[in-house]
Amino acid sequence: MADTQAVDDPKQAAKDERRAARLAREIGTFAKQHGGAEGQLAYLGERGTRIALVGEDGGWGNLVAPSDAIARKAVEKAGITIHEDFDGEMAAKVKTGPYEWTRMAGIQVGGPSNK
């Protein structure tokens with residue numbers, strides 16, 4: 001099968017619908033575990049679209065959809081609020097622990113190394 005399929009291919013449409021439904025279930029599970037959730041979509045190019053999730057308790061995570069259309073359908077099915085940007089208000093809700101400080105920020109600001 002060719003990499004470029006027609007948009008109105010019923011088999012591809014059904015496959016995309018199943019992918020969106022699976023992602024929506026994963027988003028719903030995340031939201032249930034974290035007291036609710038909101039998100040932001042970020043286009044990754046050929047890789048797809050990242051769905052960044054932030055829970056009401058500060059938990060966070062990412063999912064990747066194979067296309068922007070599938071990502072948008074998934075968040076719509078899950079019923080979460082989507083922000084245009086991962087702005088300061090949304091970022092302020094994210095809670096990080098020692099692992100994140102060590103791996104992402106701690107190394108640059110003189111934190112402990114991961115040795």
# chains A, B, ... in the order shown; residues from 1 in each chain; ligands from 1
>>> residues_around(residues="stretch 19-28 of chain A", least_positions_apart="3", cutoff="12 Å", atoms="only C-alpha atoms", output="PyMOL selection string")
chain A and resi 12-16+31-39+49-55+60-81
>>> closest_residue(among="A:Arg103, A:Lys93, A:Lys11, A:Arg18", to="A:Gly58", atoms="only C-alpha atoms")
A:Lys93
>>> decode(residues="stretch 14-57 of chain A", atoms="N, CA and C atoms", output="short mmCIF file (atom, residue, chain, number, x, y, z; two decimals), in the first residue's frame")
data_model
loop_
_atom_site.label_atom_id
_atom_site.label_comp_id
_atom_site.auth_asym_id
_atom_site.auth_seq_id
_atom_site.Cartn_x
_atom_site.Cartn_y
_atom_site.Cartn_z
N ALA A 14 -11.36 4.38 8.99
CA ALA A 14 -11.70 3.51 10.13
C ALA A 14 -10.48 3.32 11.03
N LYS A 15 -9.31 3.16 10.43
CA LYS A 15 -8.08 3.00 11.21
C LYS A 15 -7.80 4.27 12.02
N ASP A 16 -7.96 5.43 11.40
CA ASP A 16 -7.75 6.70 12.10
C ASP A 16 -8.74 6.87 13.24
N GLU A 17 -9.98 6.46 13.02
CA GLU A 17 -11.01 6.54 14.06
C GLU A 17 -10.64 5.66 15.25
N ARG A 18 -10.13 4.46 14.99
CA ARG A 18 -9.70 3.57 16.08
C ARG A 18 -8.52 4.17 16.84
N ARG A 19 -7.58 4.77 16.12
CA ARG A 19 -6.43 5.41 16.78
C ARG A 19 -6.90 6.56 17.68
N ALA A 20 -7.81 7.38 17.17
CA ALA A 20 -8.34 8.50 17.96
C ALA A 20 -9.07 7.99 19.20
N ALA A 21 -9.85 6.92 19.04
CA ALA A 21 -10.58 6.36 20.17
C ALA A 21 -9.62 5.81 21.23
N ARG A 22 -8.55 5.14 20.78
CA ARG A 22 -7.55 4.60 21.72
C ARG A 22 -6.86 5.74 22.47
N LEU A 23 -6.46 6.78 21.75
CA LEU A 23 -5.83 7.93 22.41
C LEU A 23 -6.80 8.61 23.38
N ALA A 24 -8.07 8.71 22.99
CA ALA A 24 -9.07 9.32 23.87
C ALA A 24 -9.22 8.52 25.16
N ARG A 25 -9.17 7.18 25.06
CA ARG A 25 -9.23 6.35 26.28
C ARG A 25 -8.01 6.59 27.17
N GLU A 26 -6.83 6.69 26.55
CA GLU A 26 -5.61 6.96 27.32
C GLU A 26 -5.68 8.33 27.99
N ILE A 27 -6.18 9.32 27.28
CA ILE A 27 -6.34 10.66 27.85
C ILE A 27 -7.33 10.60 29.01
N GLY A 28 -8.44 9.89 28.81
CA GLY A 28 -9.45 9.75 29.87
C GLY A 28 -8.90 9.06 31.10
N THR A 29 -8.09 8.05 30.90
CA THR A 29 -7.47 7.35 32.03
C THR A 29 -6.54 8.29 32.78
N PHE A 30 -5.74 9.05 32.04
CA PHE A 30 -4.85 10.03 32.67
C PHE A 30 -5.66 11.04 33.48
N ALA A 31 -6.71 11.57 32.87
CA ALA A 31 -7.55 12.57 33.55
C ALA A 31 -8.17 12.00 34.82
N LYS A 32 -8.63 10.77 34.76
CA LYS A 32 -9.24 10.13 35.93
C LYS A 32 -8.21 9.95 37.05
N GLN A 33 -7.00 9.56 36.70
CA GLN A 33 -5.95 9.35 37.69
C GLN A 33 -5.45 10.65 38.31
N HIS A 34 -5.63 11.76 37.61
CA HIS A 34 -5.05 13.03 38.07
C HIS A 34 -6.10 14.10 38.38
N GLY A 35 -7.34 13.69 38.59
CA GLY A 35 -8.38 14.63 39.00
C GLY A 35 -8.81 15.59 37.91
N GLY A 36 -8.64 15.20 36.67
CA GLY A 36 -8.96 16.05 35.53
C GLY A 36 -7.69 16.37 34.78
N ALA A 37 -7.85 16.91 33.58
CA ALA A 37 -6.67 17.23 32.78
C ALA A 37 -7.00 18.30 31.76
N GLU A 38 -5.95 18.95 31.31
CA GLU A 38 -6.03 19.87 30.19
C GLU A 38 -4.78 19.61 29.36
N GLY A 39 -4.78 20.13 28.15
CA GLY A 39 -3.66 19.80 27.28
C GLY A 39 -3.32 20.88 26.28
N GLN A 40 -2.32 20.56 25.48
CA GLN A 40 -1.85 21.44 24.42
C GLN A 40 -1.33 20.54 23.31
N LEU A 41 -1.65 20.90 22.08
CA LEU A 41 -1.19 20.13 20.92
C LEU A 41 0.01 20.82 20.28
N ALA A 42 1.01 20.03 19.93
CA ALA A 42 2.21 20.58 19.28
C ALA A 42 2.54 19.72 18.06
N TYR A 43 2.54 20.32 16.90
CA TYR A 43 2.86 19.63 15.66
C TYR A 43 4.33 19.24 15.65
N LEU A 44 4.63 17.99 15.35
CA LEU A 44 6.00 17.48 15.37
C LEU A 44 6.54 17.21 13.96
N GLY A 45 5.84 17.62 12.95
CA GLY A 45 6.26 17.33 11.58
C GLY A 45 5.78 15.95 11.17
N GLU A 46 6.59 15.23 10.41
CA GLU A 46 6.19 13.91 9.93
C GLU A 46 5.87 12.94 11.05
N ARG A 47 6.44 13.15 12.21
CA ARG A 47 6.25 12.26 13.36
C ARG A 47 4.81 12.28 13.85
N GLY A 48 4.11 13.42 13.69
CA GLY A 48 2.73 13.51 14.14
C GLY A 48 2.51 14.75 14.99
N THR A 49 1.64 14.61 15.98
CA THR A 49 1.31 15.71 16.87
C THR A 49 1.39 15.23 18.31
N ARG A 50 2.09 16.00 19.13
CA ARG A 50 2.23 15.68 20.55
C ARG A 50 1.02 16.23 21.30
N ILE A 51 0.48 15.41 22.19
CA ILE A 51 -0.59 15.84 23.08
C ILE A 51 0.04 15.93 24.47
N ALA A 52 0.33 17.15 24.91
CA ALA A 52 0.90 17.36 26.25
C ALA A 52 -0.26 17.46 27.22
N LEU A 53 -0.23 16.67 28.29
CA LEU A 53 -1.30 16.64 29.28
C LEU A 53 -0.80 17.11 30.63
N VAL A 54 -1.62 17.90 31.31
CA VAL A 54 -1.33 18.34 32.67
C VAL A 54 -2.56 18.04 33.51
N GLY A 55 -2.36 17.25 34.57
CA GLY A 55 -3.46 16.90 35.46
C GLY A 55 -3.71 17.98 36.50
N GLU A 56 -4.88 17.95 37.09
CA GLU A 56 -5.23 18.91 38.14
C GLU A 56 -4.31 18.78 39.36
N ASP A 57 -3.73 17.59 39.57
CA ASP A 57 -2.84 17.38 40.70
C ASP A 57 -1.39 17.70 40.37
#
